[in-house]
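Only one structure is covered here, and it is reproduced in the block below.
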Amino acid sequence: MNKSHTILYLDGVSVSFDGFRAINNLSLVLDKGEMRAIIGPNGAGKTTMMDIVTGKTRPDEGEVFFDGQIDLTRHDEAEIAMMGIGRKFQKPTVFENHTIEENLMLALKGPRSIFPALLHRRSTAEARQIDDILGIIRLGDKRDQLAANLSHGQKQWLEIGMLLAQDPKLLLVDEPVAGMTDAETEETARLLKEIARDHSVIVVEHDMHFVRELGVKVTCLHEGSVLSEGTLDFVSADERVVEVYLGR
Amino acid sequence: MITGRFFAAGADRRIAITILILLAVAVIVPLLNLAVSPTRAFYVPSYIVALTGKYLCYALLALALDLVWGYCGILSLGHGAFFALGGYAMGMYLMRQIGARGVYGNPILPDFMVFLNYKELPWFWYGFDHFWFAGLMVLTVPGLLAFVFGWFAFRSRVTGVYLSIITQAMTYALLLAFFRNDMGFGGNNGLTDFKDILGFNVQADATRSALFAASAVTLALAVFVTWATVGSKYGKLLMAVRDAESRTRFLGWRAENVKLFAFTVSAVMAGIAGALYVPQVGIINPGEFEPSNSIEVVIWAAVGGRGTIVGPIIGALLVNAGKSWFTGVLPEFWLFALGGLFVAVTLLLPKGIVGMWDSWRGNAKALRAASLAEEAGTDPVAPPPQKIVRSAATKPGDWSSSSPEPQPAE
Ligand SMILES: Nc1ncnc2c1ncn2[C@@H]1O[C@H](COP(=O)(O)OP(=O)(O)O)[C@@H](O)[C@H]1O
Ligand SMILES: [Mg+2]
């Protein structure tokens with residue numbers, strides 16, 4: 001298969017933990033600029049798939065390519081992040097002892113070595129970028145507060161804001177609306193659609209309401225491989241999918 | 001009262017006050033020792049100068065540990081090793097200054113080498129007759145060891161208790177090595193009987209005062225450097241690695257390099273502390289590598305409050321003053337007292353003296369604000385109500401199994 005127009009290309013990927021196959025011969029292709037929703041019951045391997053793409057977990061076998069030609073299995077987390085893959089964790093992970101603004105500053109695209117960080121002075125361009133992102137994630141009035149004081153939903157947004165600051169080509173977003181109110185969920189869907197205009201995005205989410213809101217192609221994972229793929233209506237009409245969710 | 005204002009001040013003002021106090025002490029104590037007659041009330045006896053000078057070196061060591069433990073979560077149980085290595089480098093210089101005045105009168109070989117039948121000076125003693133060279137070694141030997149050690153440890157992602165254990169093993173290994181006579185560092189007895197430093201008699205009051213002042217000024221400088229480091233973007237990153245290491249990696253930072261830099265800087269600071277310590281106490285021996293020494297440093301930092309810069313300094317001064325008093329009165333109980341202190345601090349003052357003070361102040365402030373607001377008829381403490389309502393799953397079935405609680409997986 002031709003990978004040249006893909007942003008992410010997984011083929012025949014498997015990984016086992018102590019003999020348990022968390023990912024089993026998984027193949028998944030994401031085109032450049034595409035947004036994809038991934039659904040699947042707990043333990044289907046959604047988070048593990050992101051671990052593989054971001055270099056946290058090495059696959060036992062299979063190919064993982066980014067941007068058509070970069071073999072991700074040869075790189076570690078920091079290198080992969082610098083190539084342009086950003087990730088939001090399932091459990092919102094922000095720097096709790098730093099302010100919202102400092103969280104964004106650490107995420108902001110730029111050199112990642114020690115000495116520039118020691119001597120760093122914030123430029124007006126950076127301040128403007130941070131202001132922009134604070135506006136997008138609606139946390140402008142809390143910029144000087146510690147991230148620890150944010151609600152669960154606000155932490156999710158801050159983490160998405162950190163992804164934006166990183167300015168990656170591909171965003172992997174793991175369960176972004178867990179713990180959000182209905183209004184926040186809708187707002188998040190709007191935000192992700194906005195982001196998807198100039199980024200490739202993979203969103204993992206259980207919330208069907210939210211997935212419908214996104215209105216994109218859906219992949220259902222089960223036991224580490226693709227069970228069904230297509231529009232949400234197609235996938236949710238698929239008998240195997242219904243069985244996986246309801247059957248047991 | 002000055003102490004009250006000192007504690008009450010914001011973090012930055014507290015740093016400034018600390019630096020000013022240290023600089024003032026560096027001038028005043030030597031003056032009160034040298035320029036005031038011993039019969040006057042303000043006279044500071046020489047033994048007090050030497051004793052407090054020693055405490056200042058310990059405070060510098062505690063500050064060094066705070067940089068890695070307090071700000072990066074690396075609990076090093078081997079910082080005594082860096083301190084001792086800096087001390088040995090200084091001790092080697094002091095040994096070579098003795099020259100022909102030793103018991104055996106050998107102009108080149110220190111007494112212990114003559115005694116052990118060394119024919120010539122081992123190569124690693126070359127250059128130590130120059131102060132600048134010894135000074136360079138004070139910085140590079142601990143720094144290099146920390147760099148190499150950290151390079152392997154952080155790259156292989158050794159963290160937490162395993163890292164603590166290998167730092168402890170490192171200092172223990174050095175202890176055993178330095179005990180050996182054929183290592184060429186004086187074995188069991190270490191290095192002692194020093195005569196001069198930079199041409200001045202190490203025993204003279206003026207020299208002791210100068211060493212005291214040097215220790216106070218160095219500590220002030222270290223406070224400034226640590227404060228500037230911790231306040232920089234790198235410092236924010238250091239704390240970010242402490243709190244959420246994997247998050248920093250997925251943002252593209254090399255967490256191992258972040259740690260390695262702090263660990264190396266910290267080891268250099270510890271080495272400088274050791275180098276200032278040795279001429280003031282007049283001896284360096286392998287006992288400084290004792291694992292228990294490194295653990296004591298951790299207790300100082302914990303008592304004062306880790307991650308606060310000023311806390312470990314206060315902790316080192318208080319605990320060591322207590323130790324001097326205790327070992328005078330009840331010497332056999334000191335270790336029990338120290339252990340008890342550690343348990344008490346861990347249970348009752350988890351943030352140490354300075355940390356407790358800060359949160360107490362913070363609470364008092366919040367309470368005051370609340371009572372003020374209550375008078376005004378508003379309630380600033382209660383957050384706006386935040387309902388968490390899950391959207392009901394639509395099709396197929398109720399498969400919305402995500403919960404609002406944070407999940408253990410990442
Ligand atoms: N590091 C690991 N060690 C052992 N088992 C793991 C590890 N990571 C994931 N698993 C297992 O792999 C399976 C898939 O997990 P995960 O990818 O988190 O599922 P999902 O995100 O789809 O809910 C689960 O059964 C989980 O227990
Ligand atoms: Mg998951």
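Simple scheme: letters A, B, ... for chains in structure tokens order, numbers from 1 for residues in each chain, numbers from 1 for ligands in the order shown.
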
DSSP-assigned alpha helix (DSSP H) members of range 5-247 of chain A, reported as number ranges by chain: A: 46-53, 77-83, 100-107, 114-119, 124-136, 152-166, 182-196, 208-214, 232-237, 239-246

Write out as an MDAnalysis selection string the residues lying within 9 Å of range 181-193 of chain B, counting only C-alpha atoms and excluding same-chain residues fewer than 6 positions away. chainID B and resid 88 91:92 94:95 98 102 112:113 116 122 124:125 282:287

Exercise answer, 6 Å around ligand 1 with only C-alpha atoms and all ligand atoms, as a ChimeraX atom specification: /A:17,22,42-48

I want to know what sits within 9 Å of Trp69 in chain B, based on only C-alpha atoms, with residues of the same chain fewer than 3 positions away left out; could you give that as an NGL selection string? :B and (64-66 or 72-76 or 298 or 301 or 306-307)

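Across A:Pro59, A:Pro176, A:Gly68, A:Gly215, the tightest approach to chain B is made by A:Pro176 when counting only C-alpha atoms.
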
Given only C-alpha atoms as the basis, pick out the residue of B:Arg368, B:Arg361, B:Lys259, B:Lys323 nearest to chain A.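 Of B:Arg368, B:Arg361, B:Lys259, B:Lys323, the one nearest chain A is B:Lys259, counting only C-alpha atoms.
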